[in-house]
Every structure is written in C-alpha cells, then in structure tokens.
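Source file: final_14.txt (compact mmCIF, C-alpha atoms)
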# COMPACT_ATOMS: atom_id res chain seq x y z
CA MET A 1 147.90 73.37 59.63
CA ARG A 2 147.08 75.49 62.61
CA LEU A 3 144.48 73.51 64.45
CA TRP A 4 145.40 74.93 67.82
CA ARG A 5 142.77 74.91 70.43
CA ARG A 6 141.64 78.45 70.87
CA ARG A 7 141.43 79.76 74.37
CA ARG A 8 138.18 81.34 75.22
CA ILE A 9 137.65 83.45 78.26
CA SER A 10 134.06 83.98 79.20
CA THR A 11 134.26 87.29 81.02
CA PRO A 12 133.57 90.36 78.91
CA GLY A 13 136.65 92.17 80.19
CA LEU A 14 139.91 90.59 81.27
CA THR A 15 141.46 91.11 84.66
CA CYS A 16 145.20 91.59 85.14
CA ASN A 17 145.72 88.13 86.58
CA GLU A 18 144.02 86.66 83.49
CA VAL A 19 146.09 88.79 81.14
CA VAL A 20 149.42 87.59 82.54
CA GLU A 21 148.36 84.00 81.88
CA LEU A 22 147.39 84.78 78.28
CA VAL A 23 150.56 86.61 77.25
CA THR A 24 152.24 83.60 75.68
CA ASP A 25 149.11 82.57 73.79
CA TYR A 26 148.82 86.16 72.59
CA LEU A 27 152.44 86.37 71.44
CA GLU A 28 152.15 82.96 69.75
CA GLY A 29 149.12 84.22 67.86
CA CYS A 30 146.66 81.66 69.12
CA LEU A 31 144.01 83.62 70.94
CA ASP A 32 140.64 83.66 69.26
CA ALA A 33 139.64 87.02 67.82
CA PRO A 34 137.28 88.15 70.63
CA THR A 35 139.78 87.25 73.35
CA ARG A 36 142.58 88.92 71.44
CA ALA A 37 140.48 92.05 71.17
CA ARG A 38 139.80 92.02 74.92
CA PHE A 39 143.47 91.37 75.59
CA GLU A 40 144.55 94.32 73.46
CA THR A 41 141.92 96.59 74.97
CA HIS A 42 143.11 95.68 78.43
CA ILE A 43 146.79 96.31 77.82
CA SER A 44 146.08 99.58 76.06
CA LEU A 45 144.41 100.77 79.27
CA CYS A 46 146.54 99.07 81.93
CA ASP A 47 150.02 100.34 82.75
CA GLY A 48 150.75 97.38 85.01
CA CYS A 49 150.06 94.81 82.31
CA SER A 50 151.89 96.72 79.59
CA GLU A 51 154.89 96.95 81.90
CA TYR A 52 154.61 93.21 82.55
CA ILE A 53 154.73 92.52 78.81
CA GLU A 54 157.69 94.89 78.48
CA GLN A 55 159.48 92.97 81.24
CA LEU A 56 158.85 89.70 79.44
CA ALA A 57 160.35 91.18 76.27
CA LYS A 58 163.45 92.20 78.25
CA THR A 59 163.60 88.74 79.80
CA ARG A 60 163.54 87.16 76.34
CA ALA A 61 166.32 89.48 75.20
CA LEU A 62 168.43 88.46 78.20
CA VAL A 63 167.86 84.78 77.47
CA GLY A 64 168.82 85.51 73.87
CA ALA A 65 172.15 86.92 75.05
CA LEU A 66 173.18 83.81 76.96
CA HIS A 67 176.46 82.24 76.00
CA GLU A 68 176.20 79.32 73.68
CA GLU A 69 177.76 76.08 74.70
CA HIS A 70 179.97 75.00 71.84
CA LEU A 71 181.40 71.67 70.84
CA SER A 72 184.76 70.97 72.43
CA GLU A 73 187.72 71.68 70.22
CA PRO A 74 188.72 68.00 69.91
CA ALA A 75 185.17 67.10 68.91
CA ARG A 76 185.12 69.83 66.30
CA HIS A 77 188.49 68.68 65.01
CA ARG A 78 187.24 65.10 64.66
CA LEU A 79 184.20 66.33 62.76
CA MET A 80 186.30 68.28 60.32
CA SER A 81 188.42 65.15 59.74
CA ALA A 82 185.26 63.13 59.24
CA PHE A 83 184.16 65.69 56.66
CA HIS A 84 187.45 65.31 54.81
CA ASP A 85 187.09 61.52 54.86
CA TRP A 86 183.54 61.82 53.60
CA ARG A 87 184.68 64.13 50.83
CA GLU A 88 187.48 61.80 49.80
CA GLN A 89 185.23 58.78 49.73
CA GLY A 90 182.57 60.54 47.76
CA PRO A 91 178.93 60.23 48.68
CA MET B 1 187.99 64.98 76.49
CA VAL B 2 188.53 61.35 75.67
CA LEU B 3 186.01 60.24 73.18
CA SER B 4 184.46 56.87 73.61
CA GLY B 5 181.18 55.26 72.85
CA PRO B 6 178.85 55.97 70.00
CA ALA B 7 180.54 59.02 68.55
CA HIS B 8 183.86 57.27 68.33
CA GLN B 9 182.26 54.41 66.48
CA ALA B 10 180.33 56.80 64.32
CA LEU B 11 183.45 58.58 63.28
CA GLN B 12 184.76 55.37 61.83
CA LEU B 13 182.13 56.22 59.25
CA LYS B 14 181.97 52.75 57.81
CA ASN B 15 179.05 50.86 59.17
CA ILE B 16 177.02 53.40 60.97
CA SER B 17 173.39 52.62 60.75
CA PHE B 18 171.34 55.69 60.52
CA ALA B 19 168.12 54.17 59.36
CA ALA B 20 166.65 55.10 62.72
CA SER B 21 168.04 58.56 62.68
CA VAL B 22 166.49 59.94 59.57
CA ASN B 23 162.93 61.04 59.47
CA PRO B 24 160.71 58.98 57.20
CA SER B 25 159.65 62.13 55.37
CA ASP B 26 163.22 62.49 54.15
CA PRO B 27 164.08 58.94 53.19
CA VAL B 28 167.63 58.20 52.25
CA PRO B 29 167.64 56.15 49.11
CA SER B 30 170.82 56.05 47.09
CA PRO B 31 169.79 58.26 44.25
CA VAL B 32 171.94 58.40 41.19
CA ARG B 33 171.35 62.10 41.22
CA PRO B 34 170.50 64.11 44.32
CA PRO B 35 166.97 65.50 44.33
CA ALA B 36 166.61 68.97 42.91
CA LEU B 37 166.35 71.55 45.66
CA SER B 38 164.94 74.96 45.94
CA GLY B 39 164.66 77.47 48.71
CA PRO B 40 167.15 79.21 50.95
CA ASP B 41 169.23 76.10 51.66
CA ILE B 42 170.09 75.36 48.06
CA GLU B 43 173.45 77.11 48.07
CA LEU B 44 174.45 75.63 51.37
CA VAL B 45 173.45 72.10 50.40
CA ASN B 46 175.26 72.39 47.08
CA ALA B 47 178.38 73.72 48.83
CA LEU B 48 178.33 70.77 51.24
CA ARG B 49 177.77 68.28 48.43
CA ARG B 50 180.79 69.79 46.67
CA GLY B 51 182.83 69.18 49.82
CA ASP B 52 183.22 72.84 50.78
CA THR B 53 185.09 72.64 54.09
CA ALA B 54 184.47 76.26 55.06
CA ALA B 55 180.72 75.87 54.61
CA PHE B 56 180.74 72.76 56.77
CA GLY B 57 182.85 74.43 59.46
CA ARG B 58 180.48 77.36 59.52
CA ILE B 59 177.35 75.32 60.14
CA VAL B 60 179.14 73.10 62.65
CA ASP B 61 179.92 76.25 64.63
CA GLU B 62 176.52 77.82 64.16
CA TRP B 63 174.30 74.82 64.75
CA SER B 64 176.20 72.66 67.22
CA PRO B 65 175.12 74.65 70.30
CA THR B 66 171.48 74.11 69.33
CA MET B 67 172.16 70.47 68.56
CA LEU B 68 173.83 70.02 71.95
CA ARG B 69 170.76 71.44 73.66
CA VAL B 70 168.41 69.13 71.78
CA ALA B 71 170.63 66.15 72.60
CA ARG B 72 171.00 67.14 76.24
CA TYR B 73 167.25 67.11 76.57
CA TYR B 74 167.27 63.36 76.09
CA VAL B 75 170.60 62.04 77.33
CA ARG B 76 172.18 61.85 80.73
CA SER B 77 175.34 63.90 80.44
CA ASP B 78 177.07 66.63 78.49
CA ALA B 79 179.56 64.05 77.26
CA SER B 80 176.78 61.85 75.88
CA ALA B 81 175.23 64.90 74.23
CA GLU B 82 178.49 65.68 72.51
CA ASP B 83 178.73 62.09 71.29
CA VAL B 84 175.21 62.34 69.92
CA VAL B 85 175.96 65.57 68.10
CA GLN B 86 179.06 64.14 66.48
CA GLU B 87 177.19 61.03 65.42
CA ALA B 88 174.39 63.18 64.06
CA TRP B 89 176.75 65.27 61.94
CA VAL B 90 178.22 62.15 60.42
CA ALA B 91 174.76 60.71 59.76
CA ALA B 92 173.71 64.03 58.24
CA LEU B 93 176.66 63.96 55.85
CA LYS B 94 175.83 60.43 54.83
CA GLY B 95 172.20 61.36 54.33
CA LEU B 96 172.89 64.63 52.57
CA GLN B 97 172.46 63.24 49.08
CA GLY B 98 168.92 62.28 49.98
CA PHE B 99 167.98 65.60 51.58
CA GLU B 100 164.90 66.78 49.75
CA GLY B 101 164.40 70.20 51.26
CA ARG B 102 161.00 69.49 52.76
CA SER B 103 162.19 71.27 55.86
CA SER B 104 165.13 73.56 56.37
CA LEU B 105 168.48 71.81 56.49
CA ARG B 106 168.88 72.90 60.11
CA THR B 107 165.54 71.40 61.15
CA TRP B 108 166.43 68.23 59.25
CA ALA B 109 169.78 68.03 61.07
CA LEU B 110 168.10 68.68 64.42
CA ARG B 111 165.66 65.85 63.77
CA ILE B 112 168.61 63.53 63.20
CA VAL B 113 170.06 64.67 66.53
CA ALA B 114 166.76 64.07 68.30
CA ASN B 115 166.38 60.60 66.80
CA ILE B 116 169.90 59.51 67.74
CA ALA B 117 169.52 61.02 71.20
CA ARG B 118 166.20 59.25 71.77
CA THR B 119 167.78 55.95 70.79
CA LEU B 120 170.66 56.53 73.19
CA ALA B 121 168.30 57.66 75.95
CA ILE B 122 166.47 54.34 75.68
CA LYS B 123 169.79 52.49 75.95
CA GLU B 124 170.72 54.61 78.94
CA GLY B 125 167.42 53.68 80.50
CA ARG B 126 166.57 57.31 80.80
CA SER B 127 162.88 57.90 80.48
CA SER B 128 162.39 61.11 78.68
CA SER B 129 161.20 64.02 80.69
CA LEU B 130 159.32 65.25 77.64
CA ALA B 131 155.89 64.58 78.95
CA ASP B 132 156.46 66.41 82.23
CA PRO B 133 155.88 70.12 81.86
CA GLY B 134 157.36 70.76 85.30
CA PRO B 135 155.60 72.47 88.14
CA GLY B 136 153.04 75.00 87.06
CA GLY B 137 151.86 77.80 89.24
CA PRO B 138 150.50 81.16 88.26
CA ALA B 139 152.79 83.25 86.05
CA VAL B 140 152.74 85.93 88.73
CA ALA B 141 152.24 85.24 92.45
CA ARG B 142 148.60 85.49 93.45
CA GLN B 143 149.30 87.97 96.23
CA ARG B 144 150.38 90.52 93.64
CA PHE B 145 146.71 90.83 92.65
CA GLN B 146 143.75 92.05 94.63
CA GLY B 147 141.57 89.38 96.16
CA PRO B 148 137.79 88.88 96.08
CA GLY B 149 137.01 91.27 98.94
CA GLU B 150 139.00 94.15 97.50
CA PRO B 151 137.86 96.97 95.19
CA HIS B 152 139.26 95.48 91.96
CA PRO B 153 139.62 91.71 92.26
CA GLY B 154 142.23 90.38 89.87
CA SER B 155 143.92 93.75 89.33
CA TRP B 156 147.50 94.48 90.33
CA ARG B 157 147.83 95.64 93.92
CA GLU B 158 150.84 97.55 92.78
CA ALA B 159 151.80 97.76 89.12
CA PRO B 160 155.15 96.17 88.24
CA ALA B 161 157.90 98.77 88.41
CA PRO B 162 159.48 99.62 85.07
CA TRP B 163 162.80 97.93 84.44
CA PRO B 164 165.64 100.15 83.34
CA SER B 165 166.70 99.22 79.85
CA LEU B 166 170.02 97.50 79.63
CA PRO B 167 172.23 98.51 76.72
CA GLU B 168 173.28 95.46 74.75
CA SER B 169 176.93 96.22 75.40
CA GLN B 170 176.39 95.93 79.13
CA VAL B 171 174.30 92.78 79.16
CA LEU B 172 177.16 90.32 79.45
CA ALA B 173 178.82 92.20 82.27
CA SER B 174 175.63 92.67 84.23
CA GLU B 175 174.43 90.72 87.19
CA ALA B 176 171.12 90.37 85.38
CA TYR B 177 172.89 88.13 82.91
CA GLU B 178 174.10 85.88 85.72
CA VAL B 179 170.65 85.82 87.28
CA VAL B 180 169.10 84.81 83.97
CA ARG B 181 171.75 82.19 83.32
CA GLU B 182 171.11 80.61 86.66
CA ALA B 183 167.34 80.86 86.33
CA VAL B 184 167.41 79.15 82.94
CA GLY B 185 169.86 76.54 84.24
CA THR B 186 167.58 75.52 87.07
CA LEU B 187 164.38 75.23 85.03
CA PRO B 188 162.91 71.74 84.58
CA GLU B 189 164.56 70.21 81.53
CA ALA B 190 161.61 70.37 79.19
CA GLN B 191 161.07 74.05 79.97
CA ARG B 192 164.75 74.86 79.64
CA THR B 193 164.96 73.15 76.28
CA VAL B 194 161.97 75.00 74.89
CA ILE B 195 162.89 78.47 76.15
CA THR B 196 166.46 78.21 74.84
CA LEU B 197 165.43 76.79 71.47
CA ARG B 198 162.91 79.60 71.08
CA ASP B 199 164.53 82.64 72.69
CA LEU B 200 168.23 81.84 72.28
CA ASP B 201 168.37 79.81 69.08
CA GLY B 202 165.43 81.52 67.43
CA LEU B 203 163.59 78.39 66.33
CA SER B 204 159.92 78.85 65.47
CA SER B 205 157.28 77.08 67.53
CA GLU B 206 156.64 74.79 64.55
CA GLU B 207 160.31 73.81 64.42
CA VAL B 208 160.45 73.11 68.15
CA CYS B 209 157.34 70.91 67.93
CA ASP B 210 158.74 69.12 64.89
CA VAL B 211 162.15 68.43 66.40
CA LEU B 212 161.01 67.45 69.89
CA GLY B 213 157.86 65.72 68.74
CA ILE B 214 155.55 67.68 71.01
CA THR B 215 152.21 69.35 70.34
CA ALA B 216 151.84 73.08 69.84
CA GLY B 217 149.79 73.28 73.02
CA HIS B 218 152.43 71.52 75.10
CA GLN B 219 155.16 73.68 73.62
CA ARG B 220 153.22 76.78 74.60
CA VAL B 221 152.70 75.60 78.17
CA LEU B 222 156.42 74.92 78.56
CA LEU B 223 157.37 78.26 77.05
CA HIS B 224 154.86 80.15 79.17
CA ARG B 225 156.06 78.62 82.43
CA ALA B 226 159.70 79.03 81.53
CA ARG B 227 159.46 82.71 80.57
CA ALA B 228 157.29 83.51 83.58
CA THR B 229 159.74 81.80 85.95
CA VAL B 230 162.77 83.54 84.51
CA ARG B 231 161.03 86.93 84.66
CA THR B 232 160.10 86.34 88.28
CA ARG B 233 163.70 85.44 89.11
CA VAL B 234 165.12 88.58 87.45
CA GLU B 235 162.53 90.95 88.89
CA PRO B 236 164.19 91.45 92.30
CA TYR B 237 167.45 92.34 90.58
CA PHE B 238 165.84 95.16 88.60
CA ALA B 239 163.72 96.24 91.56
CA ALA B 240 166.89 96.67 93.64
CA ARG B 241 168.54 98.61 90.82
CA SER B 242 165.68 101.01 90.34
CA ARG B 243 165.56 101.71 94.10
CA SER B 244 169.27 102.42 94.31

Take the structure in the file and write it out as structure tokens.
Amino acid sequence: MRLWRRRRISTPGLTCNEVVELVTDYLEGCLDAPTRARFETHISLCDGCSEYIEQLAKTRALVGALHEEHLSEPARHRLMSAFHDWREQGP
Amino acid sequence: MVLSGPAHQALQLKNISFAASVNPSDPVPSPVRPPALSGPDIELVNALRRGDTAAFGRIVDEWSPTMLRVARYYVRSDASAEDVVQEAWVAALKGLQGFEGRSSLRTWALRIVANIARTLAIKEGRSSSLADPGPGGPAVARQRFQGPGEPHPGSWREAPAPWPSLPESQVLASEAYEVVREAVGTLPEAQRTVITLRDLDGLSSEEVCDVLGITAGHQRVLLHRARATVRTRVEPYFAARSRS
C-alpha cells in the first residue's frame, strides 16, 4: 500500500542544495526512479554530499544511543501487581 | 511519585472501559477461545496468556520507554504520560485474549497508548500538536551553498568537514551525546516524537504512521526536519574537535 507521492525534480542534474533536501526521501525509499538515479549519480561524484549523508548517519546513531526514559519503579511495581491480579482472576 | 488520576483507577482493574482504547481492527469480543495466532509474536502472546510474569516484566521494561514517548506526545506532563502508560498496559492485558495478530503486539500496544492518551489530551483541553510540523527551513543554511552569481550555484561553498568516528564505548561519555540530547529535547514535539520513535526505538515509518495516525508524507517531513536540525546542532561540536 505504498501510494506515496513521488517527488520529481525537473532539472537533469541535482545540485548539492537539492540533494540535502532529498536525503530523507531517498533513505525512506520514496524517490521516483529517475530522481533516485540522479541522486545516486550526484553523491557518487560529490564528496561534500557524501560527507553530509555520512554525518546524518552518525547523527542517527547518536540519537539511537540516547538514554531511554523508563517507568518509575513504583509504577512498574504496580503494573506487576496488576499482572498478578489479572492472572489470578483469569481472562 | 504519588499516583492519582486515571492510572490509579485503571489499576483497580474492575470497571475500566477500554472500548475507546482498542483499535477497531482488533476488536475485543469475549471469545471462548483466543484467536489462533501466527508470526513472531506467537510465543510471547502465549506466554502472557499463560500468566508468565517474566515475559510480562520483560516487555514492560522494553516497551515502556517507547510507550511513554507516544503518550507524552499527546498529554501535558510526564506524570500524565506515566498514568497513560499504566492504564494502557492494563487495557492491553484485558484485551489480550482478543489480540488477533494483525499487527505486531508492540504496535497494537502502542495504539492502545495513543488512544488512551488522545482521550486524556481532550480532557486536558490540550489540542494536539500533531498537525504542526514545526518550523521548516532548509536542511542546511543557504549561505553554505553558492548563490546565483557564483560559478556553481547550489554547490557547497566548502564541503562539510568529515566527522571523526566516535567509538560506541565513548558515545555516552562524549559531549556530542549531551549536544544531541539537548538538540532532540528542544525539537518541536511532533518532530521529537518521530525522530525518537524512528532512530531510538527503531519503529518503521509504517508503524509510526499507524500509531500516531499521520500520513507517510507528514511523517517524512517531520523526520527530515528533525534529523537536519540535530545534525546542524552537532556540527559545531565535531568541527571544533577536528580543528583541535
């Protein structure tokens, strides 16, 4: 069910400032085939844009390392009690 | 923390109404026999239905952070979010017999959280910030690119400097971590929710759209702005490091 609107860029080649706006669409797999081809051609030739994409990958990894905010211990304790009650009562 | 409000009532377990909290695609009839399941969740669901405390404890620990984030997207405070998550767990247990496996159990549980949180947000008079993607500028400042009168309009004036790679073991101790934490914390709510669900919790774009009830296009806009903003905020940190 992927009826995403495809982004179409009219210029034959992409400029760097266009590429940085298309990165997310590229990574999400929703560029149309011609634009994806132009995108890939551009980054294969452009050190600046490949470094930009590398930086975004590092940014995502840093976000992925953020501490999780957990339930408070009392809340967790209450949930475990609720589970026991639920188990005792039967579904 | 003193618990009051909805979660406290929910934990009484008796009369909680969760009709509004369960997605219509997974109705909760009172089947004599639970629906047959297949797929990766089958063992987990069966363990929970058997009353396996360890299995329940494990998913409470694994999923609650994500559930808190989804709840916090809608409700006013961290305390309300915690109430919502507790209520959602109880509703999920009550609805477990009717879980049909049309989505993953986690997505199903997150939908329950979102539904309860939306209901509470309406009571709190908090209009959801869902529709507001937050300010959108270019992903990279325009002055980083050459202008119309220059030799290569739209090209980098100066290519971004390579970032040193940060060994995983050093991430938590690094200033970069603090910079990222603060950058994510100050994003507009909708952006923060989407970037953390995607890049921290590892939800797929389909799951995010399903749980938050947003379109794929909107999800992408939020993710794009959020990642671009966080990258921009971290860039000076790495630039300073590579100079030193």

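Atom pair atom CA of Ala161 of chain B / atom CA of Thr186 of chain B has a distance of 25.2 Å (rounded to one decimal).
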
Considering all atoms listed in the file, extract the chain B residues located within 8 Å of chain A and return them as a compact mmCIF listing (two decimals) with C-alpha atoms, in the coordinates of the input.
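Listed below is the output, result-v5.txt:
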# COMPACT_ATOMS: atom_id res chain seq x y z
CA MET B 1 187.99 64.98 76.49
CA LEU B 11 183.45 58.58 63.28
CA LEU B 13 182.13 56.22 59.25
CA GLY B 51 182.83 69.18 49.82
CA THR B 53 185.09 72.64 54.09
CA PHE B 56 180.74 72.76 56.77
CA GLY B 57 182.85 74.43 59.46
CA VAL B 60 179.14 73.10 62.65
CA ASP B 61 179.92 76.25 64.63
CA SER B 64 176.20 72.66 67.22
CA PRO B 65 175.12 74.65 70.30
CA LEU B 68 173.83 70.02 71.95
CA GLU B 82 178.49 65.68 72.51
CA GLN B 86 179.06 64.14 66.48
CA TRP B 89 176.75 65.27 61.94
CA VAL B 90 178.22 62.15 60.42
CA LEU B 93 176.66 63.96 55.85
CA LYS B 94 175.83 60.43 54.83
CA GLN B 97 172.46 63.24 49.08
CA PRO B 138 150.50 81.16 88.26
CA ALA B 139 152.79 83.25 86.05
CA VAL B 140 152.74 85.93 88.73
CA ARG B 142 148.60 85.49 93.45
CA PHE B 145 146.71 90.83 92.65
CA PRO B 153 139.62 91.71 92.26
CA GLY B 154 142.23 90.38 89.87
CA SER B 155 143.92 93.75 89.33
CA TRP B 156 147.50 94.48 90.33
CA GLU B 158 150.84 97.55 92.78
CA ALA B 159 151.80 97.76 89.12
CA PRO B 160 155.15 96.17 88.24
CA ALA B 161 157.90 98.77 88.41
CA PRO B 162 159.48 99.62 85.07
CA TRP B 163 162.80 97.93 84.44
CA SER B 165 166.70 99.22 79.85
CA VAL B 171 174.30 92.78 79.16
CA LEU B 172 177.16 90.32 79.45
CA ALA B 176 171.12 90.37 85.38
CA TYR B 177 172.89 88.13 82.91
CA VAL B 180 169.10 84.81 83.97
CA ARG B 181 171.75 82.19 83.32
CA VAL B 184 167.41 79.15 82.94
CA THR B 196 166.46 78.21 74.84
CA ASP B 199 164.53 82.64 72.69
CA LEU B 200 168.23 81.84 72.28
CA ASP B 201 168.37 79.81 69.08
CA ALA B 216 151.84 73.08 69.84
CA GLY B 217 149.79 73.28 73.02
CA ARG B 220 153.22 76.78 74.60
CA LEU B 223 157.37 78.26 77.05
CA HIS B 224 154.86 80.15 79.17
CA ARG B 227 159.46 82.71 80.57
CA ALA B 228 157.29 83.51 83.58
CA VAL B 230 162.77 83.54 84.51
CA ARG B 231 161.03 86.93 84.66
CA VAL B 234 165.12 88.58 87.45

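Rounded to one decimal, atom CA of Trp63 of chain B and atom CA of Ile42 of chain B lie 17.2 Å from each other.
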
Give the padded box for segment 33-43 of chain A as JSON: axis-aligned, covering all atoms listed in the file, 4 Å on each side, centre and edge lengths in Å to one decimal.
{"center_x": 142.0, "center_y": 91.8, "center_z": 73.1, "size_x": 17.5, "size_y": 17.6, "size_z": 18.6}

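If you measure from each of B:Gly101, B:Pro236, B:Ala117, B:Asp210 to Tyr73 of chain B using all atoms listed in the file, the closest one turns out to be B:Ala117.
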